[in-house]
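This is my_file_23.txt (compact mmCIF, C-alpha atoms).
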# COMPACT_ATOMS: atom_id res chain seq x y z
CA MET I 902 4.45 -17.75 12.86
CA VAL I 903 5.99 -16.37 9.68
CA THR I 904 9.76 -16.13 9.97
CA GLN I 905 10.93 -12.67 9.03
CA LYS I 906 14.66 -12.21 8.51
CA THR I 907 14.45 -8.43 8.44
CA GLY I 908 13.55 -6.08 11.25
CA PHE I 909 16.68 -6.44 13.42
CA ILE I 910 17.05 -3.38 15.65
CA GLN I 911 20.13 -2.35 17.62
CA ALA I 912 20.49 0.54 20.07
CA GLN I 913 24.05 1.56 20.87
CA GLY I 914 24.76 4.13 23.58
CA VAL I 915 21.59 6.11 22.85
CA ARG I 916 21.12 9.38 24.73
CA LYS I 917 18.25 11.80 24.11
CA SER I 918 17.46 15.04 25.92
CA PHE I 919 14.91 17.82 25.51
CA VAL I 920 14.98 21.50 26.43
CA GLN I 921 11.90 22.55 28.41
CA PRO I 922 10.19 25.95 27.96
CA ASP I 923 11.93 27.21 31.12
CA GLY I 924 15.30 26.43 29.56
CA GLN I 925 16.07 23.36 31.67
CA THR I 926 17.40 20.27 29.91
CA VAL I 927 15.66 16.98 30.67
CA VAL I 928 17.46 13.76 29.76
CA ALA I 929 14.85 11.25 28.59
CA LEU I 930 17.15 8.35 27.68
CA GLN I 931 20.71 7.67 28.81
CA ASP I 932 23.09 4.99 27.52
CA VAL I 933 20.39 2.71 26.11
CA GLN I 934 21.91 -0.47 24.68
CA THR I 935 19.81 -3.35 23.40
CA GLU I 936 18.97 -5.63 20.50
CA ILE I 937 15.58 -6.67 19.14
CA GLN I 938 15.60 -9.74 16.93
CA PRO I 939 13.61 -10.05 13.68
CA GLY I 940 10.01 -11.02 14.33
CA GLU I 941 10.09 -10.42 18.09
CA PHE I 942 7.21 -8.79 19.95
CA ILE I 943 8.64 -6.39 22.53
CA SER I 944 6.78 -4.30 25.12
CA LEU I 945 8.26 -1.25 26.81
CA ILE I 946 6.95 -0.63 30.31
CA GLY I 947 7.99 1.74 33.09
CA PRO I 948 7.03 4.84 35.09
CA SER I 949 5.04 7.56 33.36
CA GLY I 950 7.30 9.98 31.51
CA CYS I 951 10.34 7.70 31.65
CA GLY I 952 11.10 7.81 27.94
CA LYS I 953 9.15 4.87 26.48
CA SER I 954 7.55 6.95 23.73
CA THR I 955 10.89 8.69 23.12
CA PHE I 956 12.41 5.24 22.48
CA LEU I 957 9.62 4.52 20.01
CA ARG I 958 9.98 7.85 18.19
CA LEU I 959 13.71 7.35 17.86
CA VAL I 960 13.12 3.99 16.18
CA ALA I 961 10.47 5.64 13.98
CA GLY I 962 13.00 8.28 12.97
CA LEU I 963 10.75 11.16 14.06
CA ILE I 964 13.52 12.46 16.33
CA LYS I 965 17.29 11.92 16.44
CA PRO I 966 19.47 10.87 19.37
CA ASP I 967 21.97 13.29 20.91
CA GLU I 968 24.47 10.46 21.15
CA GLY I 969 24.61 6.89 19.92
CA SER I 970 22.41 5.34 17.27
CA PHE I 971 19.53 3.08 16.42
CA THR I 972 20.05 0.82 13.42
CA LEU I 973 17.59 -1.27 11.41
CA ASP I 974 19.19 -4.29 9.74
CA GLY I 975 22.56 -2.62 10.23
CA VAL I 976 21.58 0.70 8.64
CA PRO I 977 21.47 3.80 10.90
CA ILE I 978 17.98 5.24 11.34
CA SER I 979 18.22 8.90 10.30
CA GLY I 980 14.62 9.78 9.51
CA ALA I 981 11.10 8.48 9.04
CA GLY I 982 10.53 5.70 6.54
CA TYR I 983 7.78 3.37 5.35
CA GLU I 984 9.72 0.35 6.58
CA ARG I 985 8.64 1.42 10.07
CA GLY I 986 4.88 1.67 10.65
CA LEU I 987 3.67 3.73 13.61
CA VAL I 988 0.28 3.51 15.33
CA PHE I 989 -0.67 5.96 18.07
CA GLN I 990 -3.25 5.77 20.87
CA ASP I 991 -5.44 8.06 18.75
CA PRO I 992 -6.05 6.38 15.37
CA THR I 993 -5.29 9.73 13.60
CA LEU I 994 -7.34 8.77 10.55
CA PHE I 995 -8.13 11.45 7.98
CA PRO I 996 -11.81 12.27 8.72
CA TRP I 997 -12.57 13.34 5.14
CA LEU I 998 -11.41 10.00 3.67
CA THR I 999 -13.20 6.66 3.74
CA ILE I 1000 -11.60 3.69 5.48
CA TYR I 1001 -10.47 2.34 2.12
CA GLU I 1002 -8.93 5.70 1.20
CA ASN I 1003 -7.23 5.99 4.61
CA VAL I 1004 -5.62 2.57 4.25
CA ALA I 1005 -4.59 3.28 0.65
CA PHE I 1006 -3.20 6.74 1.44
CA GLY I 1007 0.44 5.73 1.98
CA LEU I 1008 0.54 3.66 -1.19
CA LYS I 1009 -0.87 6.56 -3.20
CA ILE I 1010 1.70 8.99 -1.76
CA ARG I 1011 4.45 6.56 -2.73
CA GLY I 1012 3.06 6.05 -6.24
CA LEU I 1013 2.50 2.34 -5.59
CA TYR I 1014 -1.29 2.20 -5.47
CA LYS I 1015 -1.91 0.81 -8.98
CA GLU I 1016 0.39 -2.16 -8.48
CA LYS I 1017 -0.45 -2.68 -4.80
CA LYS I 1018 -4.18 -1.92 -4.62
CA ASP I 1019 -5.01 -5.56 -3.92
CA ASP I 1020 -3.03 -5.11 -0.68
CA VAL I 1021 -5.56 -2.53 0.51
CA LYS I 1022 -8.39 -5.07 0.36
CA GLU I 1023 -6.13 -7.74 1.88
CA PHE I 1024 -5.25 -5.68 4.95
CA ILE I 1025 -8.78 -4.36 5.45
CA LYS I 1026 -9.87 -7.99 5.54
CA LEU I 1027 -6.94 -8.94 7.79
CA VAL I 1028 -8.03 -6.46 10.50
CA GLY I 1029 -11.69 -7.47 10.26
CA LEU I 1030 -13.10 -4.39 8.50
CA GLU I 1031 -14.34 -6.04 5.33
CA GLY I 1032 -17.66 -4.41 4.46
CA PHE I 1033 -16.70 -1.06 6.01
CA GLU I 1034 -14.50 0.18 3.15
CA LYS I 1035 -16.87 3.05 2.32
CA ALA I 1036 -17.45 4.12 5.93
CA TYR I 1037 -15.88 7.30 7.33
CA PRO I 1038 -13.93 7.39 10.62
CA HIS I 1039 -16.75 9.10 12.53
CA GLN I 1040 -19.01 6.17 11.67
CA LEU I 1041 -16.73 3.64 13.38
CA SER I 1042 -16.27 2.63 17.02
CA GLY I 1043 -12.93 3.29 18.70
CA GLY I 1044 -11.85 -0.31 18.22
CA MET I 1045 -12.77 -0.31 14.55
CA ALA I 1046 -10.92 2.95 13.97
CA GLN I 1047 -7.82 1.47 15.58
CA ARG I 1048 -8.13 -1.57 13.31
CA ALA I 1049 -8.11 0.82 10.35
CA ALA I 1050 -5.00 2.53 11.71
CA LEU I 1051 -3.29 -0.87 11.97
CA ALA I 1052 -4.24 -1.70 8.38
CA ARG I 1053 -2.89 1.66 7.21
CA ALA I 1054 0.46 0.95 8.89
CA LEU I 1055 0.68 -2.67 7.72
CA VAL I 1056 -0.27 -2.09 4.08
CA ASN I 1057 3.23 -0.70 3.48
CA HIS I 1058 4.71 -4.06 4.58
CA PRO I 1059 6.92 -2.48 7.25
CA LYS I 1060 9.88 -4.35 8.72
CA VAL I 1061 8.93 -2.95 12.13
CA LEU I 1062 5.53 -2.10 13.61
CA LEU I 1063 5.63 0.54 16.37
CA LEU I 1064 2.65 0.86 18.72
CA ASP I 1065 2.34 3.75 21.19
CA GLU I 1066 -0.31 2.65 23.72
CA PRO I 1067 -2.59 1.66 20.84
CA PHE I 1068 -5.40 0.36 23.04
CA GLY I 1069 -5.15 2.84 25.91
CA ALA I 1070 -8.34 4.71 24.99
CA LEU I 1071 -10.49 1.58 24.57
CA ASP I 1072 -12.85 -0.02 27.07
CA ALA I 1073 -11.65 -3.23 28.75
CA PHE I 1074 -13.67 -5.64 26.59
CA THR I 1075 -12.66 -3.98 23.31
CA ARG I 1076 -9.07 -3.78 24.49
CA MET I 1077 -8.82 -7.52 25.13
CA ASN I 1078 -10.46 -8.24 21.79
CA MET I 1079 -7.95 -5.98 20.04
CA GLN I 1080 -5.07 -7.70 21.83
CA ASP I 1081 -6.23 -11.01 20.38
CA GLU I 1082 -6.53 -9.47 16.92
CA LEU I 1083 -3.04 -7.98 17.18
CA ILE I 1084 -1.52 -11.33 18.17
CA LYS I 1085 -3.27 -13.03 15.25
CA ILE I 1086 -1.91 -10.41 12.82
CA TRP I 1087 1.58 -10.61 14.32
CA GLN I 1088 1.64 -14.40 14.08
CA GLU I 1089 0.50 -14.25 10.47
CA ARG I 1090 2.86 -11.49 9.34
CA GLY I 1091 5.94 -12.10 11.53
CA THR I 1092 6.63 -8.36 11.77
CA THR I 1093 9.03 -7.12 14.44
CA THR I 1094 6.76 -5.26 16.86
CA ILE I 1095 7.56 -2.78 19.64
CA MET I 1096 4.71 -1.58 21.85
CA VAL I 1097 4.59 1.02 24.60
CA THR I 1098 2.11 0.15 27.35
CA HIS I 1099 1.37 0.94 30.99
CA ASP I 1100 -0.55 -2.32 31.39
CA VAL I 1101 1.53 -5.17 32.85
CA ASP I 1102 -1.08 -7.79 31.95
CA GLU I 1103 -1.16 -6.54 28.36
CA ALA I 1104 2.63 -6.72 28.14
CA ILE I 1105 2.69 -10.31 29.43
CA TYR I 1106 -0.22 -11.40 27.24
CA LEU I 1107 1.32 -10.08 24.02
CA SER I 1108 5.09 -10.09 24.30
CA ASP I 1109 8.08 -12.31 23.71
CA LYS I 1110 10.14 -9.97 25.88
CA ILE I 1111 9.36 -7.05 28.19
CA PHE I 1112 11.79 -4.15 28.57
CA VAL I 1113 11.35 -2.63 32.03
CA MET I 1114 12.64 0.95 32.05
CA THR I 1115 13.84 3.10 34.94
CA PRO I 1116 12.66 6.65 35.65
CA ARG I 1117 14.40 9.23 33.48
CA PRO I 1118 17.06 9.45 32.50
CA ALA I 1119 15.78 6.05 31.43
CA LYS I 1120 17.78 2.93 30.94
CA ILE I 1121 16.53 -0.59 30.46
CA GLU I 1122 16.36 -1.95 34.01
CA SER I 1123 15.52 -5.54 33.03
CA ILE I 1124 14.72 -7.61 29.97
CA ILE I 1125 12.20 -10.28 30.89
CA LYS I 1126 11.50 -13.22 28.60
CA VAL I 1127 7.88 -14.28 28.63
CA GLU I 1128 8.27 -18.03 28.55
CA ILE I 1129 4.57 -18.85 28.54
CA GLY I 1130 3.00 -20.72 25.65
CA ARG I 1131 0.37 -19.22 23.38
CA PRO I 1132 -2.55 -18.74 23.61
CA ARG I 1133 -2.11 -17.34 27.11
CA GLU I 1134 -4.56 -17.39 29.97
CA ARG I 1135 -4.42 -14.40 32.31
CA ASP I 1136 -5.37 -16.35 35.43
CA LEU I 1137 -2.84 -19.18 35.18
CA PRO I 1138 -0.15 -19.45 37.90
CA ASP I 1139 2.77 -18.75 35.52
CA PHE I 1140 1.07 -15.59 34.28
CA LEU I 1141 0.35 -14.33 37.80
CA LYS I 1142 3.85 -15.21 39.00
CA LEU I 1143 5.43 -13.22 36.16
CA ARG I 1144 3.05 -10.34 36.83
CA ALA I 1145 4.16 -10.20 40.46
CA LYS I 1146 7.82 -10.28 39.40
CA ILE I 1147 7.40 -7.37 36.98
CA LEU I 1148 5.48 -5.30 39.52
CA GLN I 1149 8.28 -5.87 42.00
CA ILE I 1150 10.87 -4.67 39.48
CA LEU I 1151 8.71 -1.67 38.59
CA ASN I 1152 8.38 -0.71 42.23
CA PHE I 1153 12.14 -0.90 42.62
CA ALA I 1154 12.89 0.90 39.36
CA GLY I 1155 10.23 3.52 39.92
CA LYS I 1156 11.15 4.14 43.56
CA ARG I 1157 8.71 7.01 44.04
CA GLU I 1158 5.97 5.57 41.82
CA ASP I 1159 2.80 4.18 43.31
CA ILE I 1160 2.67 0.52 42.37
CA GLN I 1161 -1.11 0.71 41.92
CA TYR I 1162 -0.44 2.78 38.81
CA TYR I 1163 0.52 -0.42 36.98
CA LEU I 1164 -2.52 -2.50 37.94
Output the file's structure as structure tokens, nothing else.
Amino acid sequence: MVTQKTGFIQAQGVRKSFVQPDGQTVVALQDVQTEIQPGEFISLIGPSGCGKSTFLRLVAGLIKPDEGSFTLDGVPISGAGYERGLVFQDPTLFPWLTIYENVAFGLKIRGLYKEKKDDVKEFIKLVGLEGFEKAYPHQLSGGMAQRAALARALVNHPKVLLLDEPFGALDAFTRMNMQDELIKIWQERGTTTIMVTHDVDEAIYLSDKIFVMTPRPAKIESIIKVEIGRPRERDLPDFLKLRAKILQILNFAGKREDIQYYL
């Protein structure tokens, strides 16, 4: 894997709350403290609504903490920036642009397209969409559209790639295929990656570490190192043993959650 010396994330005493329409304040995150090393692949997992996506959006700079801070390479995150690429469950491609134009969009906005246009072709090829440059989003399958969204995020050479349930809307076969593609890209690029998922198997298959979060106000209940070699087989004893351990922690952390939700 490429060694990337940038992309070091620290969370120090992070608290984030939201005011609901009825005026009640809901605390999403409380006293979150952690470090993510450059080049690590981290998955966030926990009960629905526990603050996983809030964690991701704070790192993206789309929202600000009430207390504490997130830093990237020692610099406080105070807003959105191209050094952090974000991919949602919905590919959110511009329907009126071709795949090539979607991937190139960020470079054009930044005024870098002329000097970086070879990167557009490089990343389209990297995600396996070579030959589909002139296609429009509606002409692609869900998996192909998500590949284009990945290329659009990666073409800016971000220090950190943020994934918010990127494969949640895909069928099982396409999802597993996309997991393999993501690992291949991550190993080639060495980009610090943080992914929100509800799928324990997906978290184990992809991650260096898994952050298990409590119900809100969420804290990080456990940090689990996935000490299984790559490529990983989902039916091996070590994989199944780790799966059972995480489900046990989730059941404890979730308390009222139905454990079947994570299967």
**Report entry** From I:Lys1126, I:Met1096, I:Asn1152, I:Ala1036, residue lying nearest Lys1110 of chain I [all atoms listed in the file]
**Finding:**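 Using all atoms listed in the file, Lys1110 of chain I sits closest to I:Lys1126.
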Report task. Name the residues in contact with segment 1061-1071 of chain I at a cut-off of 6 Å, using all atoms listed in the file, excluding same-chain residues fewer than 5 positions from it; report them as a list in words. Result ->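 So the residues in contact are Gly908, Arg985, Gly986, Leu987, Val988, Phe989, Gln990, Arg1076, Thr1092, Thr1093, Thr1094, Ile1095, Met1096, Val1097 and Thr1098 of chain I.
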Suppose we keep C-alpha atoms; can you now write the selection as a compact mmCIF listing (two decimals), keeping the file's coordinate frame?
# COMPACT_ATOMS: atom_id res chain seq x y z
CA GLY I 908 13.55 -6.08 11.25
CA ARG I 985 8.64 1.42 10.07
CA GLY I 986 4.88 1.67 10.65
CA LEU I 987 3.67 3.73 13.61
CA VAL I 988 0.28 3.51 15.33
CA PHE I 989 -0.67 5.96 18.07
CA GLN I 990 -3.25 5.77 20.87
CA ARG I 1076 -9.07 -3.78 24.49
CA THR I 1092 6.63 -8.36 11.77
CA THR I 1093 9.03 -7.12 14.44
CA THR I 1094 6.76 -5.26 16.86
CA ILE I 1095 7.56 -2.78 19.64
CA MET I 1096 4.71 -1.58 21.85
CA VAL I 1097 4.59 1.02 24.60
CA THR I 1098 2.11 0.15 27.35
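Using only C-alpha atoms, the smallest distance between any of I:Val960, I:Ile1105, I:Val915, I:Ile946 and Asp932 of chain I comes from I:Val915.
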Requested in this report: Name the closest residue to Ile1000 of chain I among the candidates I:Met1045, I:Leu1083, I:Ile1147, I:Ile1125; distances are taken between atoms, counting all atoms listed in the file.
Outcome: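 Smallest separation from Ile1000 of chain I among the options: I:Met1045.
Residues in contact range of Gly1130 of chain I, defined as at most 12 Å between all atoms listed in the file, with sequence neighbours fewer than 5 positions away removed, read Ile1105, Tyr1106, Leu1107, Ser1108, Asp1109, Arg1135, Leu1137, Asp1139 and Phe1140 of chain I.
What separates atom CA of Gln1040 of chain I from atom CA of His1058 of chain I is a distance of 26.8 Å.
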**Report entry** Using all atoms listed in the file: which of I:Glu1002, I:Glu1128, I:Asp1072, I:Asp1020 has the shortest distance to Ala1049 of chain I
**Finding:** I:Glu1002
**Report entry** Point-to-point distance in Å for atom CA of Arg1048 of chain I and atom CA of Asn1003 of chain I
**Finding:**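 Interatomic distance, atom CA of Asn1003 of chain I to atom CA of Arg1048 of chain I: 11.6 Å.
Taking atom CA of Ser944 of chain I as the reference point, atom CA of Gln921 of chain I is found at 27.5 Å.
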Calculate, to one decimal in Å, the centre and edge lengths of the box along x, y and z of the file that holds all listed atoms of segment 1039-1055 of chain I with 5 Å of margin on each side, and present them as lines of an AutoDock Vina configuration file.
center_x = -9.2
center_y = 3.2
center_z = 13.0
size_x = 29.7
size_y = 21.8
size_z = 21.5
Query raised in the report: Of the candidates I:Pro992, I:Gly1032, I:Gly982, I:Pro977, which one gets nearest to Arg1011 of chain I if we count all atoms listed in the file?
Result: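 Of the candidates, the smallest distance to Arg1011 of chain I is held by I:Gly982.
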Query raised in the report: Near Leu963 of chain I, counting all atoms listed in the file, which residues have an atom at most 10 Å away, once you skip same-chain residues fewer than 3 positions from it, shown as a list in words?
Result: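 Here the qualifying residues turn out to be Thr955, Leu957, Arg958, Leu959, Val960, Ile978, Ser979, Gly980, Ala981 and Gly982 of chain I.
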Complete segment 939-961 of chain I with N, CA, C and O atoms (output as a PDB file, keeping the file's coordinate frame).
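What landed in rebuild-v3.pdb:
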ATOM      1  N   PRO I 939      14.691 -10.045  14.678  1.00  0.00           N
ATOM      2  CA  PRO I 939      13.610 -10.050  13.680  1.00  0.00           C
ATOM      3  C   PRO I 939      12.421 -10.888  14.130  1.00  0.00           C
ATOM      4  O   PRO I 939      12.576 -12.014  14.604  1.00  0.00           O
ATOM      5  N   GLY I 940      11.237 -10.302  14.012  1.00  0.00           N
ATOM      6  CA  GLY I 940      10.010 -11.020  14.330  1.00  0.00           C
ATOM      7  C   GLY I 940       9.616 -11.019  15.795  1.00  0.00           C
ATOM      8  O   GLY I 940       8.551 -11.543  16.131  1.00  0.00           O
ATOM      9  N   GLU I 941      10.433 -10.436  16.675  1.00  0.00           N
ATOM     10  CA  GLU I 941      10.090 -10.420  18.090  1.00  0.00           C
ATOM     11  C   GLU I 941       8.985  -9.421  18.387  1.00  0.00           C
ATOM     12  O   GLU I 941       8.852  -8.395  17.717  1.00  0.00           O
ATOM     13  N   PHE I 942       8.204  -9.721  19.420  1.00  0.00           N
ATOM     14  CA  PHE I 942       7.210  -8.790  19.950  1.00  0.00           C
ATOM     15  C   PHE I 942       7.746  -8.299  21.293  1.00  0.00           C
ATOM     16  O   PHE I 942       7.883  -9.081  22.233  1.00  0.00           O
ATOM     17  N   ILE I 943       8.048  -7.010  21.352  1.00  0.00           N
ATOM     18  CA  ILE I 943       8.640  -6.390  22.530  1.00  0.00           C
ATOM     19  C   ILE I 943       7.678  -5.365  23.117  1.00  0.00           C
ATOM     20  O   ILE I 943       7.090  -4.571  22.382  1.00  0.00           O
ATOM     21  N   SER I 944       7.523  -5.372  24.443  1.00  0.00           N
ATOM     22  CA  SER I 944       6.780  -4.300  25.120  1.00  0.00           C
ATOM     23  C   SER I 944       7.724  -3.482  25.968  1.00  0.00           C
ATOM     24  O   SER I 944       8.633  -4.023  26.618  1.00  0.00           O
ATOM     25  N   LEU I 945       7.531  -2.168  25.945  1.00  0.00           N
ATOM     26  CA  LEU I 945       8.260  -1.250  26.810  1.00  0.00           C
ATOM     27  C   LEU I 945       7.328  -0.818  27.931  1.00  0.00           C
ATOM     28  O   LEU I 945       6.213  -0.362  27.686  1.00  0.00           O
ATOM     29  N   ILE I 946       7.789  -0.980  29.167  1.00  0.00           N
ATOM     30  CA  ILE I 946       6.950  -0.630  30.310  1.00  0.00           C
ATOM     31  C   ILE I 946       7.818   0.070  31.339  1.00  0.00           C
ATOM     32  O   ILE I 946       9.015  -0.189  31.456  1.00  0.00           O
ATOM     33  N   GLY I 947       7.235   0.995  32.093  1.00  0.00           N
ATOM     34  CA  GLY I 947       7.990   1.740  33.090  1.00  0.00           C
ATOM     35  C   GLY I 947       7.187   2.926  33.587  1.00  0.00           C
ATOM     36  O   GLY I 947       6.067   3.168  33.125  1.00  0.00           O
ATOM     37  N   PRO I 948       7.751   3.691  34.526  1.00  0.00           N
ATOM     38  CA  PRO I 948       7.030   4.840  35.090  1.00  0.00           C
ATOM     39  C   PRO I 948       6.604   5.840  34.025  1.00  0.00           C
ATOM     40  O   PRO I 948       7.240   5.975  32.979  1.00  0.00           O
ATOM     41  N   SER I 949       5.524   6.539  34.293  1.00  0.00           N
ATOM     42  CA  SER I 949       5.040   7.560  33.360  1.00  0.00           C
ATOM     43  C   SER I 949       6.116   8.611  33.123  1.00  0.00           C
ATOM     44  O   SER I 949       6.757   9.085  34.051  1.00  0.00           O
ATOM     45  N   GLY I 950       6.326   8.953  31.857  1.00  0.00           N
ATOM     46  CA  GLY I 950       7.300   9.980  31.510  1.00  0.00           C
ATOM     47  C   GLY I 950       8.737   9.516  31.526  1.00  0.00           C
ATOM     48  O   GLY I 950       9.651  10.342  31.487  1.00  0.00           O
ATOM     49  N   CYS I 951       8.962   8.181  31.520  1.00  0.00           N
ATOM     50  CA  CYS I 951      10.340   7.700  31.650  1.00  0.00           C
ATOM     51  C   CYS I 951      11.074   7.618  30.318  1.00  0.00           C
ATOM     52  O   CYS I 951      12.272   7.317  30.297  1.00  0.00           O
ATOM     53  N   GLY I 952      10.404   7.837  29.217  1.00  0.00           N
ATOM     54  CA  GLY I 952      11.100   7.810  27.940  1.00  0.00           C
ATOM     55  C   GLY I 952      10.691   6.686  27.005  1.00  0.00           C
ATOM     56  O   GLY I 952      11.326   6.464  25.978  1.00  0.00           O
ATOM     57  N   LYS I 953       9.610   5.984  27.332  1.00  0.00           N
ATOM     58  CA  LYS I 953       9.150   4.870  26.480  1.00  0.00           C
ATOM     59  C   LYS I 953       8.774   5.371  25.081  1.00  0.00           C
ATOM     60  O   LYS I 953       9.194   4.796  24.077  1.00  0.00           O
ATOM     61  N   SER I 954       7.969   6.422  25.031  1.00  0.00           N
ATOM     62  CA  SER I 954       7.550   6.950  23.730  1.00  0.00           C
ATOM     63  C   SER I 954       8.724   7.597  23.001  1.00  0.00           C
ATOM     64  O   SER I 954       8.766   7.578  21.762  1.00  0.00           O
ATOM     65  N   THR I 955       9.677   8.140  23.748  1.00  0.00           N
ATOM     66  CA  THR I 955      10.890   8.690  23.120  1.00  0.00           C
ATOM     67  C   THR I 955      11.649   7.575  22.422  1.00  0.00           C
ATOM     68  O   THR I 955      12.122   7.739  21.288  1.00  0.00           O
ATOM     69  N   PHE I 956      11.778   6.423  23.082  1.00  0.00           N
ATOM     70  CA  PHE I 956      12.410   5.240  22.480  1.00  0.00           C
ATOM     71  C   PHE I 956      11.711   4.907  21.162  1.00  0.00           C
ATOM     72  O   PHE I 956      12.366   4.693  20.130  1.00  0.00           O
ATOM     73  N   LEU I 957      10.398   4.873  21.192  1.00  0.00           N
ATOM     74  CA  LEU I 957       9.620   4.520  20.010  1.00  0.00           C
ATOM     75  C   LEU I 957       9.824   5.533  18.877  1.00  0.00           C
ATOM     76  O   LEU I 957      10.000   5.151  17.709  1.00  0.00           O
ATOM     77  N   ARG I 958       9.826   6.802  19.214  1.00  0.00           N
ATOM     78  CA  ARG I 958       9.980   7.850  18.190  1.00  0.00           C
ATOM     79  C   ARG I 958      11.386   7.881  17.603  1.00  0.00           C
ATOM     80  O   ARG I 958      11.571   8.256  16.444  1.00  0.00           O
ATOM     81  N   LEU I 959      12.354   7.468  18.387  1.00  0.00           N
ATOM     82  CA  LEU I 959      13.710   7.350  17.860  1.00  0.00           C
ATOM     83  C   LEU I 959      13.788   6.220  16.838  1.00  0.00           C
ATOM     84  O   LEU I 959      14.420   6.362  15.789  1.00  0.00           O
ATOM     85  N   VAL I 960      13.151   5.097  17.130  1.00  0.00           N
ATOM     86  CA  VAL I 960      13.120   3.990  16.180  1.00  0.00           C
ATOM     87  C   VAL I 960      12.337   4.396  14.924  1.00  0.00           C
ATOM     88  O   VAL I 960      12.709   4.041  13.796  1.00  0.00           O
ATOM     89  N   ALA I 961      11.266   5.170  15.124  1.00  0.00           N
ATOM     90  CA  ALA I 961      10.470   5.640  13.980  1.00  0.00           C
ATOM     91  C   ALA I 961      11.230   6.648  13.130  1.00  0.00           C
ATOM     92  O   ALA I 961      10.885   6.863  11.963  1.00  0.00           O
TER      93      ALA I 961
END
